[in-house]
Each structure stands twice: as structure tokens, then as C-alpha cells.
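Trainee: Below is the file start-v4.cif, which contains mmCIF, C-alpha atoms.
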```cif
data_my_file
#
loop_
_atom_site.label_atom_id
_atom_site.label_comp_id
_atom_site.auth_asym_id
_atom_site.auth_seq_id
_atom_site.Cartn_x
_atom_site.Cartn_y
_atom_site.Cartn_z
CA MET A 6 -41.78 -9.84 25.45
CA ILE A 7 -39.26 -12.07 27.24
CA SER A 8 -40.08 -10.61 30.65
CA GLU A 9 -43.81 -11.19 29.99
CA ILE A 10 -43.19 -14.84 29.14
CA LEU A 11 -41.11 -15.27 32.30
CA ALA A 12 -43.71 -13.51 34.45
CA ALA A 13 -46.53 -15.67 33.09
CA ALA A 14 -44.50 -18.86 33.60
CA THR A 15 -43.59 -17.85 37.17
CA GLU A 16 -47.22 -17.14 38.01
CA LYS A 17 -48.41 -20.48 36.60
CA MET A 18 -45.63 -22.41 38.35
CA ALA A 19 -46.48 -20.76 41.67
CA LYS A 20 -50.09 -21.88 41.20
CA ALA A 21 -48.86 -25.43 40.55
CA VAL A 22 -46.90 -25.36 43.82
CA ASP A 23 -49.97 -24.06 45.67
CA ALA A 24 -52.07 -26.82 44.12
CA THR A 25 -49.49 -29.34 45.33
CA ARG A 26 -49.74 -28.09 48.90
CA GLU A 27 -53.54 -28.14 48.68
CA ASP A 28 -53.51 -31.72 47.37
CA PHE A 29 -51.18 -32.77 50.18
CA ALA A 30 -53.48 -31.18 52.76
CA ASN A 31 -56.27 -33.43 51.53
CA VAL A 32 -54.27 -36.60 52.28
CA ARG A 33 -55.04 -37.92 55.73
CA THR A 34 -52.29 -38.29 58.31
CA GLY A 35 -52.63 -39.74 61.79
CA ARG A 36 -54.19 -36.51 63.04
CA ALA A 37 -57.61 -35.20 62.12
CA ASN A 38 -57.44 -32.07 60.00
CA PRO A 39 -60.51 -29.97 59.09
CA GLN A 40 -58.85 -29.24 55.72
CA LEU A 41 -59.41 -32.91 54.89
CA PHE A 42 -63.17 -32.35 54.85
CA GLN A 43 -63.39 -28.87 53.28
CA LYS A 44 -63.91 -30.13 49.73
CA VAL A 45 -66.20 -33.08 50.46
CA MET A 46 -69.17 -32.53 48.15
CA VAL A 47 -72.57 -32.84 49.83
CA ASP A 48 -75.81 -33.18 47.88
CA TYR A 49 -77.56 -30.20 49.49
CA TYR A 50 -81.11 -30.00 48.14
CA GLY A 51 -79.96 -31.35 44.78
CA THR A 52 -76.92 -29.11 44.48
CA PRO A 53 -73.38 -30.42 45.09
CA THR A 54 -71.98 -28.12 47.77
CA PRO A 55 -68.59 -28.23 49.54
CA LEU A 56 -68.91 -29.26 53.19
CA GLY A 57 -66.95 -26.18 54.27
CA GLN A 58 -69.88 -24.03 53.09
CA LEU A 59 -72.52 -26.06 54.93
CA GLY A 60 -71.14 -26.03 58.43
CA GLN A 61 -68.42 -25.25 60.88
CA LEU A 62 -65.61 -27.79 61.19
CA ALA A 63 -63.82 -28.05 64.52
CA ASN A 64 -60.99 -30.21 65.75
CA PRO A 65 -61.52 -30.68 69.51
CA GLU A 66 -59.19 -33.70 69.80
CA ALA A 67 -56.24 -35.06 67.82
CA ARG A 68 -58.28 -37.65 65.90
CA THR A 69 -61.78 -36.14 66.03
CA ILE A 70 -63.58 -33.69 63.75
CA VAL A 71 -66.89 -32.13 64.78
CA ILE A 72 -69.11 -30.74 62.04
CA THR A 73 -71.85 -28.34 63.12
CA PRO A 74 -74.11 -27.63 60.12
CA TYR A 75 -75.63 -24.19 59.69
CA ASP A 76 -78.86 -25.89 58.57
CA LYS A 77 -79.92 -28.89 60.69
CA GLY A 78 -81.81 -30.23 57.66
CA ALA A 79 -78.46 -30.95 56.01
CA LEU A 80 -77.33 -33.41 58.71
CA LYS A 81 -78.42 -36.54 56.80
CA ALA A 82 -76.89 -35.34 53.53
CA ILE A 83 -73.58 -34.51 55.26
CA GLU A 84 -73.52 -37.88 57.01
CA THR A 85 -74.17 -39.67 53.69
CA ALA A 86 -71.39 -37.74 51.94
CA LEU A 87 -68.95 -38.59 54.74
CA ARG A 88 -69.84 -42.30 54.58
CA GLU A 89 -69.19 -42.28 50.82
CA MET A 90 -65.88 -40.43 51.18
CA PRO A 91 -63.02 -42.62 49.90
CA ASN A 92 -60.05 -43.33 52.17
CA LEU A 93 -61.87 -42.08 55.29
CA ASP A 94 -62.16 -45.44 57.10
CA ALA A 95 -64.36 -43.82 59.77
CA ASN A 96 -67.98 -44.02 60.82
CA PRO A 97 -69.59 -40.58 61.25
CA GLN A 98 -71.91 -40.28 64.25
CA ASN A 99 -74.95 -38.02 63.97
CA ASP A 100 -76.52 -36.92 67.28
CA GLY A 101 -79.20 -34.67 65.75
CA ASN A 102 -77.24 -31.43 66.23
CA LEU A 103 -73.78 -32.20 64.96
CA ILE A 104 -71.72 -34.93 63.35
CA ARG A 105 -68.67 -36.36 65.06
CA VAL A 106 -66.05 -38.21 63.00
CA THR A 107 -63.35 -40.10 64.89
CA LEU A 108 -60.55 -41.21 62.61
CA PRO A 109 -58.93 -44.57 63.40
CA ASP A 110 -55.16 -44.88 63.77
CA LEU A 111 -53.38 -45.49 60.51
CA THR A 112 -51.73 -48.85 60.04
CA GLU A 113 -48.16 -49.06 58.74
CA GLU A 114 -49.45 -50.44 55.43
CA ARG A 115 -51.96 -47.60 55.08
CA ARG A 116 -49.25 -45.03 55.81
CA ARG A 117 -47.09 -46.49 53.05
CA ASP A 118 -50.05 -46.38 50.64
CA TYR A 119 -50.53 -42.70 51.45
CA VAL A 120 -46.82 -42.04 50.89
CA LYS A 121 -47.12 -43.63 47.43
CA LEU A 122 -50.18 -41.50 46.73
CA VAL A 123 -48.39 -38.30 47.80
CA LYS A 124 -45.34 -39.16 45.68
CA ALA A 125 -47.58 -39.71 42.63
CA LYS A 126 -49.30 -36.35 43.22
CA ALA A 127 -45.92 -34.63 43.57
CA GLU A 128 -44.74 -36.13 40.28
CA ASP A 129 -47.93 -34.96 38.55
CA HIS A 130 -47.30 -31.41 39.75
CA ARG A 131 -43.62 -31.56 38.74
CA VAL A 132 -44.75 -32.57 35.25
CA ALA A 133 -47.15 -29.61 35.21
CA VAL A 134 -44.28 -27.25 36.09
CA ARG A 135 -42.11 -28.77 33.36
CA ASN A 136 -44.94 -28.37 30.86
CA ILE A 137 -45.11 -24.69 31.75
CA ARG A 138 -41.36 -24.47 31.10
CA ARG A 139 -41.79 -26.21 27.75
CA LYS A 140 -44.52 -23.72 26.79
CA GLY A 141 -42.20 -20.85 27.74
CA ASN A 142 -39.39 -22.32 25.64
CA ASP A 143 -41.81 -22.69 22.72
CA ASP A 144 -42.74 -19.02 23.12
CA PHE A 145 -39.04 -18.09 23.11
CA ALA A 146 -38.54 -20.13 19.92
CA ALA A 147 -41.46 -18.30 18.29
CA LEU A 148 -39.92 -14.94 19.25
CA LYS A 149 -36.60 -16.01 17.75
CA LYS A 150 -38.27 -17.31 14.58
CA ASP A 151 -40.22 -14.09 14.12
CA GLY A 152 -37.06 -12.05 14.69
CA LEU A 153 -38.54 -10.19 17.68
CA ALA A 154 -35.58 -11.05 19.94
CA GLY A 155 -31.90 -11.83 19.47
CA ASP A 156 -30.13 -15.09 20.23
CA ASP A 157 -28.46 -13.72 23.37
CA GLU A 158 -31.74 -12.42 24.79
CA ILE A 159 -33.44 -15.76 24.10
CA ALA A 160 -30.55 -17.67 25.70
CA ARG A 161 -30.73 -15.49 28.82
CA GLY A 162 -34.51 -15.92 28.97
CA GLU A 163 -34.24 -19.71 28.66
CA LYS A 164 -31.56 -19.81 31.36
CA GLU A 165 -33.73 -17.72 33.68
CA LEU A 166 -36.77 -19.91 32.89
CA ASP A 167 -34.74 -23.01 33.83
CA ALA A 168 -33.76 -21.37 37.15
CA ILE A 169 -37.40 -20.49 37.87
CA THR A 170 -38.43 -24.06 37.04
CA LYS A 171 -35.79 -25.49 39.38
CA THR A 172 -36.97 -23.24 42.20
CA HIS A 173 -40.58 -24.40 41.84
CA VAL A 174 -39.68 -28.09 41.44
CA ASP A 175 -37.56 -27.79 44.60
CA ALA A 176 -40.54 -26.26 46.42
CA ILE A 177 -42.66 -29.27 45.41
CA ASP A 178 -39.91 -31.63 46.58
CA ASP A 179 -39.71 -29.82 49.95
CA ALA A 180 -43.47 -30.08 50.41
CA LEU A 181 -43.24 -33.79 49.56
CA LYS A 182 -40.50 -34.38 52.15
CA ARG A 183 -42.54 -32.63 54.86
CA LYS A 184 -45.71 -34.56 54.02
CA GLU A 185 -43.84 -37.87 53.83
CA ALA A 186 -42.30 -37.26 57.27
CA GLU A 187 -45.73 -36.31 58.62
CA LEU A 188 -47.27 -39.50 57.21
CA LEU A 189 -44.59 -41.82 58.57
CA GLU A 190 -44.62 -40.20 62.02
CA VAL A 191 -46.29 -42.57 64.48
#
```
Now that the file is in, can you turn its structure into C-alpha cells?

Mentor:
Amino acid sequence: MISEILAAATEKMAKAVDATREDFANVRTGRANPQLFQKVMVDYYGTPTPLGQLGQLANPEARTIVITPYDKGALKAIETALREMPNLDANPQNDGNLIRVTLPDLTEERRRDYVKLVKAKAEDHRVAVRNIRRKGNDDFAALKKDGLAGDDEIARGEKELDAITKTHVDAIDDALKRKEAELLEV
């Protein structure tokens, strides 16, 4: 029972760390990154569809993304979705075959705003990891109450759960440090 609780908590915490990295990838830095556009939802014939499924995204230059749609009829819808994208600060250019998005340089103020955003996202994910730990501790308490495990086993399980939690919180902190350095790099 204890090993199952620990395994489930470890799996959920690993997913929280992965979600953190994915969230960080969606925050714009000075360079253009196709990952930034993967989840932009485009109204494709009445169905919200991720941009990554509608076309090929290429990064020919440091600050430019080129989107080549698989269906030329989706060009207008893609362009509209990009114009409505928050925090993009760019004007997509449609030439009839592809869309070119050139991202402007980030100002110092904008970089600091993004750092605040990334720190808030990191804290949200840390809280998620701690909530998983709390759920595990509640499960341990239920085992103890029901008499399915002894005090020593529960204590060892809680200690191991705390170590697992620390490992995953540290992974989130490392990802935050890397993203912060990337954002502040001029």
C-alpha cells in the first residue's frame, strides 16, 4: 500500500514538473520559438484547432517564425488567431502561401514582466506538488487509522514522500532559474 501511494505521488509530481517546463516554453523570450505557437487555437471551419496541427512551423531566423499551412484556406483563420494572441506584440504578414511573424525585441520592462509571470507559474506548480504530498500524507493517515500499516512504516513512507517532494520542487526551481536567465539575457 505504501509503495503504491509513493509511486502514484511520484508520477503525479513528475507530470507537474513537465507541465511547468511546458508552461515556461510558452513564455516568449527574445528569440522566436515555434513552441510558442504550437497551442494557439485557430477557428478552423468552426472547430478550435491547435496551430501545430494546421501547418508547419519553421524558425529560419532568430526572431522570425514562418507558418506554412497544410490547407491554404486556413491562412486567414491562422492570421486572425495570431493577431488575437495575447503578449505577441507582432504583426503577422500573410503573402498568400505562408504567414511570417517577426517578433520585436523585448524591452527591459517587458522582460521583467515575463520574469514575474514565470515566477507566478513556478509557484503555482510548486503548490500543485505540495498538494500531491498532502494527499499522500492523508492516504498514509488513513492507512494508519485503518490499522493497515504500522507507525514505523508510515513514518518511513512520509519521510520518503517528503524527499520525493523536495526533488520535484527543486526541479521546478531549476527550470525557473534557467528560464529567468534566458529572459534576462539581452

Trainee: For the structure provided, state which residues fall under the PyMOL selection byres ((chain A and resi 25-31) around 8), and present them as an MDAnalysis selection string.

Mentor: chainID A and resid 21:24 32:33 40:42 123 126:127 130 177 180 184

Trainee: Can you work out which one of A:Val71, A:Val174, A:Arg117, A:Ala79 has the shortest atom-to-atom distance to Ile104 in chain A, counting only C-alpha atoms?

Mentor: A:Val71

Trainee: Figure out the distance between CA of Arg131 in chain A and CA of Asp143 in chain A, please, to one decimal in Å.

Mentor: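 So the two atoms, CA of Asp143 in chain A and CA of Arg131 in chain A, lie 18.4 Å apart.
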
Trainee: Could you list the residues chosen by the PyMOL selection byres ((chain A and resi 144) around 12) in this structure as an MDAnalysis selection string?

Mentor: chainID A and resid 6:11 13:14 137:143 145:151 153:154 159 162:163 166

Trainee: What does the structure give for the distance between CA of Thr170 in chain A and CA of Arg135 in chain A, in Å to one decimal?

Mentor: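 Computing it gives 7.0 Å between the two atoms.
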
Trainee: Output the residue selection produced by the PyMOL selection byres ((chain A and resi 119) around 9) on the file above, formatted as a list in words.

Mentor: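 On the file shown, the PyMOL selection byres ((chain A and resi 119) around 9) covers Val32, Arg33, Thr34, Glu114, Arg115, Arg116, Arg117, Asp118, Val120, Lys121, Leu122, Val123, Lys124, Glu185 and Leu188 of chain A.
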
Trainee: Nearest residue to Asp129 in chain A out of A:Asp178, A:Gln58, A:Asp156, A:Pro39, using all atoms listed in the file?

Mentor: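 The shortest atom-to-atom distance to Asp129 in chain A comes from A:Asp178.
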
Trainee: Could you state the separation of CA of Asp76 in chain A and CA of Pro55 in chain A in Å, given to one decimal place?

Mentor: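 Computing the Euclidean distance for CA of Asp76 in chain A and CA of Pro55 in chain A yields 13.9 Å.
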
Trainee: Counting all atoms listed in the file, which of A:Lys44, A:Lys81, A:Arg88, A:Arg105 gets nearest to Pro65 in chain A?

Mentor: A:Arg105

Trainee: Calculated over all atoms listed in the file, which of the candidates A:Glu89, A:Arg36, A:Thr54, A:Ala95 has the smallest distance to Ala67 in chain A?

Mentor: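 Distance minimum relative to Ala67 in chain A lands on A:Arg36.
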